[in-house]
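Undergrad: File follows, upload-v7.cif with mmCIF, C-alpha atoms:
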```
data_run
loop_
_atom_site.label_atom_id
_atom_site.label_comp_id
_atom_site.auth_asym_id
_atom_site.auth_seq_id
_atom_site.Cartn_x
_atom_site.Cartn_y
_atom_site.Cartn_z
CA MET A 25 3.50 15.81 20.34
CA ALA A 26 2.76 12.25 19.28
CA GLU A 27 4.39 10.84 16.16
CA ILE A 28 3.74 7.31 14.86
CA LEU A 29 6.18 5.03 13.06
CA PHE A 30 4.34 2.66 10.72
CA LEU A 31 6.45 -0.37 9.70
CA VAL A 32 4.88 -2.23 6.79
CA HIS A 33 6.11 -5.17 4.71
CA ARG A 34 4.72 -3.85 1.42
CA ALA A 35 4.27 -0.14 0.78
CA PRO A 36 0.50 0.38 1.15
CA TRP A 37 -0.13 2.14 -2.15
CA PRO A 38 -1.84 1.14 -4.39
CA PRO A 39 -4.40 -0.77 -2.29
CA ASP A 40 -4.92 -3.40 -4.97
CA ARG A 41 -4.27 -6.63 -3.06
CA GLY A 42 -5.42 -7.95 0.29
CA ASP A 43 -2.45 -6.93 2.43
CA ARG A 44 -2.14 -3.47 0.87
CA ILE A 45 -5.87 -2.81 1.22
CA ARG A 46 -5.67 -3.36 4.96
CA SER A 47 -2.39 -1.50 5.44
CA TRP A 48 -3.59 1.49 3.38
CA HIS A 49 -6.71 1.92 5.47
CA MET A 50 -4.66 1.45 8.62
CA PHE A 51 -2.29 4.19 7.41
CA GLU A 52 -5.24 6.51 6.78
CA ALA A 53 -6.62 5.80 10.26
CA LEU A 54 -3.23 6.41 11.91
CA ALA A 55 -2.75 9.68 10.00
CA LYS A 56 -5.95 10.98 11.62
CA LEU A 57 -4.41 10.38 15.04
CA ALA A 58 -0.92 11.85 14.61
CA PRO A 59 1.80 12.53 12.01
CA VAL A 60 3.03 9.23 10.58
CA HIS A 61 6.53 8.14 9.56
CA VAL A 62 6.35 5.19 7.14
CA ALA A 63 9.15 2.65 6.74
CA ALA A 64 8.24 0.06 4.15
CA LEU A 65 9.50 -2.50 1.68
CA ALA A 66 8.42 -2.97 -1.93
CA ASP A 67 8.59 -5.99 -4.22
CA ASN A 68 10.14 -3.99 -7.09
CA GLU A 69 11.19 -0.47 -8.03
CA ALA A 70 7.97 0.24 -9.97
CA ASP A 71 5.89 -0.48 -6.86
CA ALA A 72 8.23 1.65 -4.77
CA ALA A 73 8.00 4.60 -7.18
CA ARG A 74 4.19 4.51 -7.26
CA ALA A 75 4.03 4.41 -3.49
CA ARG A 76 6.52 7.25 -3.08
CA ASP A 77 4.59 9.50 -5.47
CA LYS A 78 1.33 8.98 -3.60
CA MET A 79 2.49 8.75 0.00
CA ALA A 80 5.35 11.24 0.33
CA PRO A 81 3.02 14.27 0.71
CA LEU A 82 0.94 12.39 3.30
CA CYS A 83 3.76 11.30 5.63
CA LYS A 84 5.97 13.01 8.18
CA SER A 85 8.75 10.97 6.56
CA LEU A 86 8.82 8.10 4.10
CA ALA A 87 11.43 5.37 3.56
CA ILE A 88 10.80 2.61 1.01
CA GLU A 89 13.40 -0.01 0.09
CA VAL A 90 13.07 -2.69 -2.59
CA ARG A 91 13.35 -6.29 -1.34
CA LYS A 92 16.27 -8.16 -2.86
CA ALA A 93 16.34 -11.54 -1.14
CA SER A 94 15.45 -14.55 -3.28
CA ARG A 95 13.66 -17.51 -1.70
CA PRO A 96 16.61 -19.94 -2.12
CA MET A 97 19.03 -17.41 -0.60
CA ALA A 98 16.60 -16.58 2.22
CA LEU A 99 16.18 -20.29 2.99
CA MET A 100 19.93 -20.88 3.11
CA GLN A 101 20.52 -17.87 5.36
CA ALA A 102 17.62 -18.79 7.64
CA VAL A 103 18.93 -22.34 8.11
CA LEU A 104 22.41 -21.01 8.89
CA THR A 105 21.15 -18.42 11.39
CA GLY A 106 18.30 -20.42 12.93
CA GLU A 107 15.46 -18.04 12.11
CA PRO A 108 12.27 -18.05 10.01
CA VAL A 109 12.65 -17.82 6.24
CA SER A 110 9.88 -15.20 6.20
CA ASN A 111 12.06 -12.79 8.18
CA ARG A 112 14.98 -13.22 5.81
CA LEU A 113 12.75 -12.55 2.80
CA PHE A 114 11.80 -9.17 4.26
CA ARG A 115 15.18 -8.13 5.66
CA SER A 116 16.80 -4.93 4.42
CA ALA A 117 19.91 -3.52 6.03
CA ALA A 118 19.19 -0.15 4.40
CA LEU A 119 15.70 0.04 5.87
CA ALA A 120 16.97 -1.08 9.28
CA ARG A 121 19.51 1.77 9.26
CA GLN A 122 16.82 4.30 8.37
CA VAL A 123 14.53 3.06 11.13
CA GLU A 124 17.38 3.16 13.66
CA ALA A 125 18.26 6.72 12.66
CA LEU A 126 14.64 7.85 12.89
CA ILE A 127 14.18 6.33 16.34
CA GLY A 128 17.47 7.92 17.41
CA GLN A 129 16.10 11.38 16.64
CA GLY A 130 13.65 10.94 19.50
CA GLY A 131 10.45 12.14 17.84
CA VAL A 132 8.68 8.81 17.47
CA SER A 133 6.31 8.15 20.36
CA HIS A 134 4.29 5.17 19.05
CA ILE A 135 5.10 2.25 16.73
CA VAL A 136 2.70 0.16 14.66
CA ALA A 137 4.17 -2.84 12.81
CA PHE A 138 2.15 -4.45 10.03
CA SER A 139 2.82 -8.16 9.35
CA GLY A 140 5.02 -10.33 11.51
CA GLN A 141 8.04 -9.95 9.22
CA MET A 142 8.33 -6.28 10.24
CA ALA A 143 8.79 -7.06 13.94
CA GLN A 144 12.49 -7.53 13.21
CA TYR A 145 12.72 -3.74 12.73
CA LEU A 146 11.37 -2.93 16.21
CA PRO A 147 14.00 -1.24 18.40
CA THR A 148 15.22 -3.32 21.32
CA ARG A 149 14.56 -0.41 23.65
CA PHE A 150 11.55 1.81 23.12
CA GLY A 151 9.49 3.45 25.83
CA GLY A 152 6.28 4.12 23.90
CA PRO A 153 3.36 1.88 22.93
CA VAL A 154 4.02 -0.84 20.33
CA LEU A 155 1.13 -2.28 18.34
CA MET A 156 1.72 -5.45 16.27
CA ASP A 157 -0.72 -6.27 13.48
CA PHE A 158 0.03 -9.87 12.54
CA VAL A 159 -3.09 -9.93 10.31
CA ASP A 160 -3.08 -13.75 10.16
CA VAL A 161 -1.38 -16.52 12.13
CA ASP A 162 1.26 -17.23 9.48
CA SER A 163 2.72 -20.17 11.42
CA ALA A 164 -0.64 -21.95 11.14
CA LYS A 165 -0.59 -21.43 7.39
CA PHE A 166 2.77 -23.15 7.07
CA LYS A 167 1.61 -25.93 9.36
CA THR A 168 -1.26 -26.56 6.95
CA TYR A 169 1.13 -26.50 4.00
CA ALA A 170 3.26 -29.14 5.74
CA GLU A 171 0.22 -31.34 6.36
CA GLN A 172 -0.90 -31.03 2.73
CA ASP A 173 2.53 -31.69 1.22
CA LYS A 174 3.74 -34.68 3.19
CA ARG A 175 5.16 -36.33 0.08
CA GLN A 176 6.84 -33.23 -1.36
CA PRO A 177 10.65 -33.01 -1.22
CA LEU A 178 10.58 -29.59 0.49
CA ASN A 179 7.99 -30.58 3.07
CA TRP A 180 10.62 -30.10 5.78
CA VAL A 181 10.82 -26.39 4.87
CA HIS A 182 7.16 -25.88 5.73
CA LYS A 183 7.47 -27.89 8.94
CA ARG A 184 10.48 -25.87 9.98
CA GLU A 185 8.83 -22.55 9.12
CA ALA A 186 5.70 -23.44 11.09
CA LEU A 187 7.76 -24.19 14.22
CA MET A 188 10.11 -21.23 13.83
CA LEU A 189 7.34 -18.76 13.14
CA ALA A 190 5.16 -19.99 16.01
CA ALA A 191 7.99 -19.36 18.47
CA TYR A 192 8.83 -16.01 16.88
CA GLU A 193 5.21 -14.82 16.81
CA ALA A 194 4.78 -15.61 20.51
CA LYS A 195 8.02 -13.79 21.35
CA VAL A 196 6.96 -10.70 19.39
CA ALA A 197 3.49 -10.70 20.94
CA ARG A 198 4.99 -10.72 24.42
CA ARG A 199 7.08 -7.69 23.41
CA ALA A 200 4.10 -5.73 22.00
CA ASP A 201 1.49 -3.92 24.04
CA ALA A 202 -1.22 -5.48 21.87
CA SER A 203 -1.33 -7.87 18.90
CA LEU A 204 -4.01 -7.61 16.25
CA PHE A 205 -5.54 -10.18 13.92
CA VAL A 206 -7.97 -9.85 11.06
CA SER A 207 -10.71 -12.00 12.60
CA GLU A 208 -11.79 -13.31 15.98
CA ALA A 209 -11.06 -16.84 14.74
CA GLU A 210 -7.42 -15.91 14.05
CA ALA A 211 -7.16 -14.06 17.37
CA ALA A 212 -8.57 -17.03 19.28
CA LEU A 213 -6.15 -19.39 17.54
CA PHE A 214 -3.23 -17.17 18.51
CA ARG A 215 -4.39 -16.85 22.12
CA ALA A 216 -4.41 -20.63 22.38
CA GLN A 217 -1.05 -20.90 20.64
CA SER A 218 0.72 -18.12 22.57
CA GLY A 219 -0.95 -18.32 25.98
CA LEU A 220 -1.75 -14.58 25.91
CA ASP A 221 -5.19 -13.34 26.91
CA ALA A 222 -7.79 -11.19 25.18
CA ASP A 223 -6.34 -7.98 26.63
CA ARG A 224 -3.15 -8.57 24.64
CA VAL A 225 -4.60 -10.26 21.53
CA ARG A 226 -7.42 -8.51 19.71
CA ALA A 227 -9.38 -8.83 16.47
CA VAL A 228 -9.52 -5.76 14.23
CA GLU A 229 -11.40 -6.87 11.16
CA ASN A 230 -11.05 -5.77 7.57
CA GLY A 231 -13.59 -3.45 6.06
CA ILE A 232 -14.79 -2.55 2.59
CA ASP A 233 -15.20 0.78 0.81
CA THR A 234 -18.85 0.46 -0.17
CA ASP A 235 -18.74 3.81 -2.02
CA ARG A 236 -16.06 2.47 -4.35
CA PHE A 237 -17.52 -1.03 -4.61
CA ASP A 238 -21.00 0.11 -5.58
CA PRO A 239 -22.99 -1.75 -8.25
CA ALA A 240 -24.80 1.49 -9.14
CA LEU A 241 -21.60 3.08 -10.49
CA PRO A 242 -21.12 2.84 -14.26
CA SER A 243 -18.37 0.51 -15.40
CA ASP A 244 -16.86 -0.68 -18.66
CA ALA A 245 -18.44 -3.80 -20.09
CA VAL A 246 -16.25 -6.87 -19.76
CA GLY A 247 -16.78 -10.58 -19.95
CA ALA A 248 -18.86 -10.31 -23.09
CA GLY A 249 -20.05 -13.64 -24.39
CA GLU A 250 -22.92 -16.02 -24.28
CA GLY A 251 -23.53 -18.04 -21.17
CA PRO A 252 -23.41 -17.42 -17.43
CA LEU A 253 -20.15 -16.21 -15.93
CA ALA A 254 -18.44 -17.28 -12.69
CA VAL A 255 -15.58 -15.03 -11.53
CA PHE A 256 -12.65 -15.51 -9.17
CA THR A 257 -10.46 -12.53 -8.19
CA GLY A 258 -7.10 -12.56 -6.47
CA GLN A 259 -3.31 -12.46 -6.64
CA MET A 260 -2.61 -15.34 -9.00
CA ASP A 261 0.90 -16.25 -7.88
CA TYR A 262 -0.40 -16.96 -4.37
CA ARG A 263 -0.57 -20.65 -3.72
CA PRO A 264 -4.05 -20.93 -2.09
CA ASN A 265 -5.51 -18.97 -5.03
CA ILE A 266 -3.74 -21.20 -7.54
CA ASP A 267 -5.08 -24.34 -5.85
CA ALA A 268 -8.59 -22.85 -5.76
CA VAL A 269 -8.81 -21.94 -9.45
CA ARG A 270 -7.23 -25.21 -10.53
CA TRP A 271 -9.87 -27.14 -8.57
CA PHE A 272 -12.70 -25.05 -9.96
CA ALA A 273 -11.48 -25.13 -13.57
CA THR A 274 -10.61 -28.83 -13.74
CA ASP A 275 -13.25 -30.44 -11.49
CA ILE A 276 -16.15 -28.08 -10.74
CA LEU A 277 -16.59 -26.22 -14.03
CA PRO A 278 -17.11 -29.40 -16.11
CA LEU A 279 -20.03 -30.34 -13.82
CA VAL A 280 -21.47 -26.84 -14.21
CA ARG A 281 -21.08 -26.97 -18.01
CA ALA A 282 -22.85 -30.32 -18.10
CA ARG A 283 -25.97 -28.37 -17.08
CA HIS A 284 -25.00 -25.00 -18.57
CA PRO A 285 -22.90 -25.81 -21.65
CA SER A 286 -22.02 -22.16 -22.29
CA ALA A 287 -20.92 -21.41 -18.70
CA ARG A 288 -17.62 -19.57 -18.36
CA PHE A 289 -15.08 -19.11 -15.55
CA ALA A 290 -12.93 -15.95 -15.42
CA ILE A 291 -9.74 -15.93 -13.33
CA VAL A 292 -9.09 -12.24 -12.71
CA GLY A 293 -5.85 -11.13 -11.07
CA ARG A 294 -2.25 -10.12 -11.49
CA ALA A 295 0.81 -12.33 -11.95
CA PRO A 296 -0.84 -15.60 -13.07
CA THR A 297 1.69 -18.42 -12.98
CA ALA A 298 2.31 -20.71 -15.93
CA GLU A 299 0.10 -23.26 -14.19
CA VAL A 300 -2.76 -20.75 -14.04
CA ARG A 301 -2.21 -19.61 -17.64
CA ALA A 302 -2.44 -23.23 -18.79
CA LEU A 303 -5.98 -23.47 -17.43
CA GLU A 304 -7.13 -21.19 -20.26
CA LYS A 305 -6.81 -24.19 -22.57
CA LEU A 306 -9.81 -25.73 -20.81
CA PRO A 307 -13.30 -25.12 -22.25
CA GLY A 308 -14.92 -22.01 -20.82
CA VAL A 309 -11.89 -20.75 -18.84
CA ILE A 310 -10.68 -17.14 -19.16
CA VAL A 311 -7.42 -15.93 -17.60
CA THR A 312 -7.23 -12.12 -17.67
CA GLY A 313 -3.95 -11.40 -15.94
CA GLU A 314 -3.71 -8.00 -14.24
CA VAL A 315 -6.67 -5.71 -14.89
CA PRO A 316 -6.88 -1.97 -14.13
CA ASP A 317 -10.06 -2.48 -12.09
CA VAL A 318 -11.75 -5.66 -10.84
CA ARG A 319 -15.14 -3.97 -10.44
CA PRO A 320 -16.28 -4.42 -14.07
CA TRP A 321 -15.56 -8.14 -13.80
CA LEU A 322 -17.48 -8.37 -10.53
CA ALA A 323 -20.36 -6.44 -12.07
CA ALA A 324 -20.45 -8.89 -15.00
CA ALA A 325 -20.43 -12.00 -12.79
CA ASP A 326 -23.51 -14.17 -12.43
CA ALA A 327 -21.68 -15.74 -9.49
CA VAL A 328 -18.44 -14.92 -7.69
CA VAL A 329 -16.70 -18.05 -6.49
CA ALA A 330 -14.12 -18.58 -3.75
CA PRO A 331 -13.35 -22.32 -3.62
CA LEU A 332 -10.36 -21.86 -1.33
CA LEU A 333 -9.03 -24.99 0.32
CA LEU A 334 -6.78 -22.94 2.60
CA ALA A 335 -7.70 -19.44 3.79
CA ARG A 336 -6.61 -17.32 6.73
CA GLY A 337 -8.46 -14.35 8.17
CA VAL A 338 -11.06 -12.42 6.20
CA GLN A 339 -11.07 -12.66 2.41
CA ASN A 340 -11.20 -9.18 0.85
CA LYS A 341 -12.30 -10.74 -2.42
CA LEU A 342 -15.56 -11.79 -0.77
CA LEU A 343 -16.16 -8.42 0.87
CA GLU A 344 -15.67 -6.72 -2.50
CA ALA A 345 -18.01 -9.09 -4.33
CA MET A 346 -20.69 -8.79 -1.67
CA ALA A 347 -20.42 -5.00 -1.64
CA MET A 348 -20.97 -5.14 -5.40
CA ALA A 349 -24.22 -7.04 -4.70
CA ARG A 350 -22.98 -10.20 -6.39
CA PRO A 351 -24.13 -13.64 -5.26
CA VAL A 352 -21.18 -15.54 -3.82
CA VAL A 353 -20.36 -19.23 -3.53
CA ALA A 354 -17.56 -19.81 -1.02
CA SER A 355 -15.89 -22.72 0.67
CA ALA A 356 -16.20 -22.88 4.44
CA ALA A 357 -12.52 -21.90 4.71
CA ALA A 358 -13.04 -18.79 2.56
CA ALA A 359 -16.15 -17.72 4.47
CA THR A 360 -14.55 -18.06 7.91
CA GLY A 361 -14.37 -14.72 9.68
CA ILE A 362 -17.04 -13.01 7.57
CA ASP A 363 -20.00 -11.91 9.67
CA ALA A 364 -22.75 -12.98 7.30
CA VAL A 365 -25.50 -15.59 7.29
CA PRO A 366 -25.00 -18.57 4.92
CA GLY A 367 -28.03 -19.01 2.73
CA GLU A 368 -29.05 -15.36 3.16
CA HIS A 369 -25.97 -13.30 2.30
CA LEU A 370 -23.90 -15.95 0.49
CA LEU A 371 -23.76 -19.68 -0.20
CA VAL A 372 -21.20 -21.69 1.76
CA THR A 373 -20.40 -25.23 0.72
CA ASP A 374 -17.55 -27.68 0.24
CA GLY A 375 -16.93 -30.59 -2.10
CA THR A 376 -16.86 -30.68 -5.88
CA ASP A 377 -20.47 -31.76 -6.43
CA LYS A 378 -21.93 -29.38 -3.84
CA MET A 379 -19.92 -26.45 -5.15
CA ALA A 380 -21.15 -27.15 -8.69
CA ASP A 381 -24.74 -27.47 -7.43
CA ALA A 382 -24.51 -24.12 -5.65
CA VAL A 383 -23.17 -22.32 -8.73
CA CYS A 384 -25.84 -23.88 -10.92
CA ALA A 385 -28.54 -22.85 -8.42
CA LEU A 386 -27.51 -19.21 -8.90
CA PHE A 387 -27.36 -19.60 -12.67
CA ASP A 388 -30.83 -21.20 -12.67
CA ASP A 389 -32.65 -18.67 -10.48
CA HIS A 390 -31.73 -15.10 -11.40
CA PRO A 391 -34.29 -13.41 -9.07
CA ALA A 392 -33.04 -15.40 -6.06
CA ALA A 393 -29.41 -14.69 -7.00
CA ALA A 394 -30.14 -10.97 -7.30
CA ALA A 395 -31.95 -10.96 -3.95
CA MET A 396 -28.94 -12.63 -2.29
CA GLY A 397 -26.66 -10.02 -3.84
CA ARG A 398 -28.79 -7.16 -2.50
CA ALA A 399 -28.80 -8.73 0.97
CA ALA A 400 -25.02 -9.14 0.79
CA ARG A 401 -24.48 -5.46 -0.05
CA ALA A 402 -26.80 -4.36 2.75
CA ARG A 403 -24.78 -6.51 5.16
CA MET A 404 -21.50 -4.98 3.99
CA ILE A 405 -22.82 -1.44 4.47
CA ALA A 406 -24.13 -2.22 7.95
CA ARG A 407 -21.13 -4.18 9.20
CA TYR A 408 -17.92 -3.44 7.34
CA GLY A 409 -17.21 0.29 6.95
CA TRP A 410 -13.45 0.94 7.22
CA ASP A 411 -13.79 3.83 9.67
CA ALA A 412 -15.65 1.60 12.10
CA ARG A 413 -13.21 -1.28 11.67
CA MET A 414 -10.12 0.87 12.32
CA ALA A 415 -11.66 2.87 15.19
CA PRO A 416 -9.99 0.75 17.94
CA LEU A 417 -6.51 1.91 16.90
CA GLY A 418 -6.79 5.20 18.76
CA GLU A 419 -7.81 3.49 21.98
CA LEU A 420 -5.09 0.86 21.67
CA LEU A 421 -2.41 3.50 21.12
CA GLY A 422 -3.78 5.82 23.79
CA LEU A 423 -4.34 8.59 21.22
CA PRO A 424 -7.63 10.52 21.08
CA ALA A 425 -9.44 10.44 17.75
#
```
In structure tokens, how does this file's structure come out?
TA:
Amino acid sequence: MAEILFLVHRAPWPPDRGDRIRSWHMFEALAKLAPVHVAALADNEADAARARDKMAPLCKSLAIEVRKASRPMALMQAVLTGEPVSNRLFRSAALARQVEALIGQGGVSHIVAFSGQMAQYLPTRFGGPVLMDFVDVDSAKFKTYAEQDKRQPLNWVHKREALMLAAYEAKVARRADASLFVSEAEAALFRAQSGLDADRVRAVENGIDTDRFDPALPSDAVGAGEGPLAVFTGQMDYRPNIDAVRWFATDILPLVRARHPSARFAIVGRAPTAEVRALEKLPGVIVTGEVPDVRPWLAAADAVVAPLLLARGVQNKLLEAMAMARPVVASAAAATGIDAVPGEHLLVTDGTDKMADAVCALFDDHPAAAAMGRAARARMIARYGWDARMAPLGELLGLPA
């Protein structure tokens, strides 16, 4: 009988951030194919406890260990051992022992690893299928960081990580039976980078739960106040999100408020850094911190904005907003990988002035904004159901649905 080992860098529950949303739906899809053993890490004990309570009854076995490596320590160890810092950040001797013991029992027939950092837990000898979900090309992300931060003292860290990860990703992909990425653009980039063909490198896109993200569902009123509201959602200690909201709050919002003096900008997401918190001192800026549910904020938005300067893969924040029938203004980087028509399902633009013009256009024309939101939701329903997105897993693993 088939049994699947699912290696995941953050325990999938709760699915309240981009990586956990994808890994949770992948776990659900795998559990329909065969019993699943989960070996995962967690950022802290509270996250681990929540995941154990939810997932233990759903798994054949469950092992969750809390990450303990700090970034400075991981960097020092990585330099000494000649490996990527990312791997050191997600290394746990306790989890490695549990995985080794589980494999030694002989019941596991298939392995799925989620995120490149978990490839280090793959057994050196394993006869069954191995599926590697990289999600994004992380080495390309660090290469972009290095190009953006040429004058920063730690620029060499990003350069080193880009090179180390690129070599490691290619090595892992040659070991796996198939490697997955969240969009065709990411898959194509990795094919070019690794030299592997389309049979070994596939796109399995993210989806969206359109029953949960449904504008017809009642929600608590939030964002009360006079004036149109622009909303950004995301993990607010993540650098691309920080850069995006800083740009919008300091450069774009003043242009919007010149035409709409009461316009507001809500930054909605957990773990805002001190830099993000400081933006609340600016006129019209709201920083919520962690909220129990982003849907009320999306429902209240006159526009959802995603002015990301750096984005990899498919942005869940856009899928959620579009499923909620909200009009979206996104940078070209943020919109990459989303199968939607600019101008019909969302507005895609770059540059401070053009971004401000696009937001103001939605604020100025409520019927057109509402029509775009309805078209966006219809597109999400037709294209992005999670069952359809995860359907290739059975074929790739050789397991009947």
Undergrad: Between A:Ala254, A:Leu303, A:Leu29, A:Val181, which residue has the minimum interatomic distance to Met100 (chain A), considering only C-alpha atoms?
TA: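 Of A:Ala254, A:Leu303, A:Leu29, A:Val181, the one nearest Met100 (chain A), counting only C-alpha atoms, is A:Val181.
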Undergrad: Show me, as a PyMOL selection string, the residues that have an atom within 8 Å of Leu370 (chain A) when counting all atoms listed in the file, minus same-chain residues fewer than 4 positions from it.
TA: chain A and resi 351-354+364-366+396-397+400
Undergrad: Please tell me which residues are no farther than 9 Å from (-7.9, -6.3, -1.2) in the file, counting only C-alpha atoms, and write them as an MDAnalysis selection string.
TA: chainID A and resid 39:46 232 258 339:341 343:344
Undergrad: Taking all atoms of region 167-180 of chain A that the file lists and extending 4 Å past them on each side, where is the centre of the axis-aligned box and how long are its edges? Answer in Å to one decimal, as JSON.
TA:
```
{"center_x": 4.7, "center_y": -31.1, "center_z": 4.0, "size_x": 19.9, "size_y": 18.4, "size_z": 18.7}
```
Undergrad: Once the PyMOL selection byres ((chain A and resi 202) around 9) is applied to the coordinates I shared, what remains selected? I want it as a PyMOL selection string.
TA: chain A and resi 153-157+197-201+203-204+223-226+420
Undergrad: Using all atoms listed in the file, pick whichever of A:Lys378, A:Arg336, A:Arg413, A:Lys183 has the shortest atom-to-atom distance to Ala359 (chain A).
TA: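 Residue with the minimum atom-to-atom distance to Ala359 (chain A): A:Arg336.
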Undergrad: At what distance in Å, to one decimal, does CA of Phe205 (chain A) lie from CA of Leu113 (chain A)?
TA: 21.5 Å
Undergrad: Would you translate the PyMOL selection byres ((chain A and resi 64) around 12) into the concrete set of residues it matches in this file, as a PyMOL selection string?
TA: chain A and resi 29-37+44+47-48+51+61-63+65-67+71-72+75-76+79+85-91+114-116+118-120+122-123+136-139+141-142+145
Undergrad: Between CA of Val109 (chain A) and CA of Gln172 (chain A), what is the distance, to one decimal in Å?
TA: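 That distance, rounded to one decimal, is 19.2 Å.
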Undergrad: Since I can't run it myself right now, could you work out what the PyMOL selection byres ((chain A and resi 311) around 6) selects here and report it as a PyMOL selection string?
TA: chain A and resi 290-291+304+310+312-313
Undergrad: Can you list, as a list in words, every protein, DNA or RNA residue that comes within 9 Å of Leu82 (chain A) when you count only C-alpha atoms, leaving out same-chain residues fewer than 5 positions away?
TA: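 Within the cut-off, the hits are Ala55, Pro59 and Val60 of chain A.
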Undergrad: What are the nearest atom pairs, with distances in Å to one decimal, for all residues of region 104-197 of chain A that come at most 12 Å from region 262-281 of chain A, using all atoms listed in the file, set out by chain and rising residue number as a Markdown table?
TA:
```
| residue | atom | partner | partner_atom | distance |
| --- | --- | --- | --- | --- |
| A:Lys165 | CA | A:Pro264 | CA | 10.1 |
| A:Phe166 | CA | A:Arg263 | CA | 11.6 |
| A:Thr168 | CA | A:Pro264 | CA | 11.0 |
| A:Tyr169 | CA | A:Pro264 | CA | 9.7 |
| A:Gln172 | CA | A:Pro264 | CA | 11.6 |
```
Undergrad: Go through A:Ala394, A:Leu332, A:Ala93, A:Ala406 and flag the residue nearest Asp374 (chain A), using all atoms listed in the file for the distances.
TA: A:Leu332
Undergrad: Between CA of Asn179 (chain A) and CA of Thr360 (chain A), what is the distance in Å, rounded to a tenth?
TA: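 Separation of CA of Asn179 (chain A) and CA of Thr360 (chain A): 26.2 Å.
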Undergrad: Out of A:Val255, A:Ala26, A:Leu417, A:Val300, which residue has the shortest atom-to-atom distance to Ser133 (chain A) when counting all atoms listed in the file?
TA: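 Distance minimum relative to Ser133 (chain A) lands on A:Ala26.
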Undergrad: Name the residues in contact with Ala425 (chain A) at a cut-off of 8 Å, using only C-alpha atoms, excluding same-chain residues fewer than 3 positions from it; report them as a ChimeraX atom specification.
TA: /A:56-57,418
Undergrad: Could you give me region 50-62 of chain A completed to N, CA and C atoms, formatted as a tab-separated table (two decimals), in the frame of the given file?
TA:
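Written output follows (selection-v1.tsv):
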```tsv
chain	number	residue	atom	x	y	z
A	50	MET	N	-5.27	1.25	7.31
A	50	MET	CA	-4.66	1.45	8.62
A	50	MET	C	-3.82	2.73	8.61
A	51	PHE	N	-3.06	2.95	7.54
A	51	PHE	CA	-2.29	4.19	7.41
A	51	PHE	C	-3.21	5.41	7.48
A	52	GLU	N	-4.30	5.39	6.75
A	52	GLU	CA	-5.24	6.51	6.78
A	52	GLU	C	-5.78	6.75	8.19
A	53	ALA	N	-6.10	5.67	8.89
A	53	ALA	CA	-6.62	5.80	10.26
A	53	ALA	C	-5.56	6.37	11.19
A	54	LEU	N	-4.31	5.91	11.06
A	54	LEU	CA	-3.23	6.41	11.91
A	54	LEU	C	-2.95	7.89	11.64
A	55	ALA	N	-3.04	8.29	10.37
A	55	ALA	CA	-2.75	9.68	10.00
A	55	ALA	C	-3.78	10.65	10.59
A	56	LYS	N	-4.95	10.14	10.95
A	56	LYS	CA	-5.95	10.98	11.62
A	56	LYS	C	-5.64	11.17	13.10
A	57	LEU	N	-4.76	10.32	13.63
A	57	LEU	CA	-4.41	10.38	15.04
A	57	LEU	C	-3.17	11.21	15.31
A	58	ALA	N	-2.19	11.15	14.40
A	58	ALA	CA	-0.92	11.85	14.61
A	58	ALA	C	-0.12	11.80	13.31
A	59	PRO	N	0.91	12.65	13.17
A	59	PRO	CA	1.80	12.53	12.01
A	59	PRO	C	2.43	11.13	11.96
A	60	VAL	N	2.58	10.61	10.75
A	60	VAL	CA	3.03	9.23	10.58
A	60	VAL	C	4.32	9.18	9.76
A	61	HIS	N	5.32	8.52	10.30
A	61	HIS	CA	6.53	8.14	9.56
A	61	HIS	C	6.29	6.74	9.01
A	62	VAL	N	6.54	6.52	7.74
A	62	VAL	CA	6.35	5.19	7.14
A	62	VAL	C	7.70	4.62	6.73
```
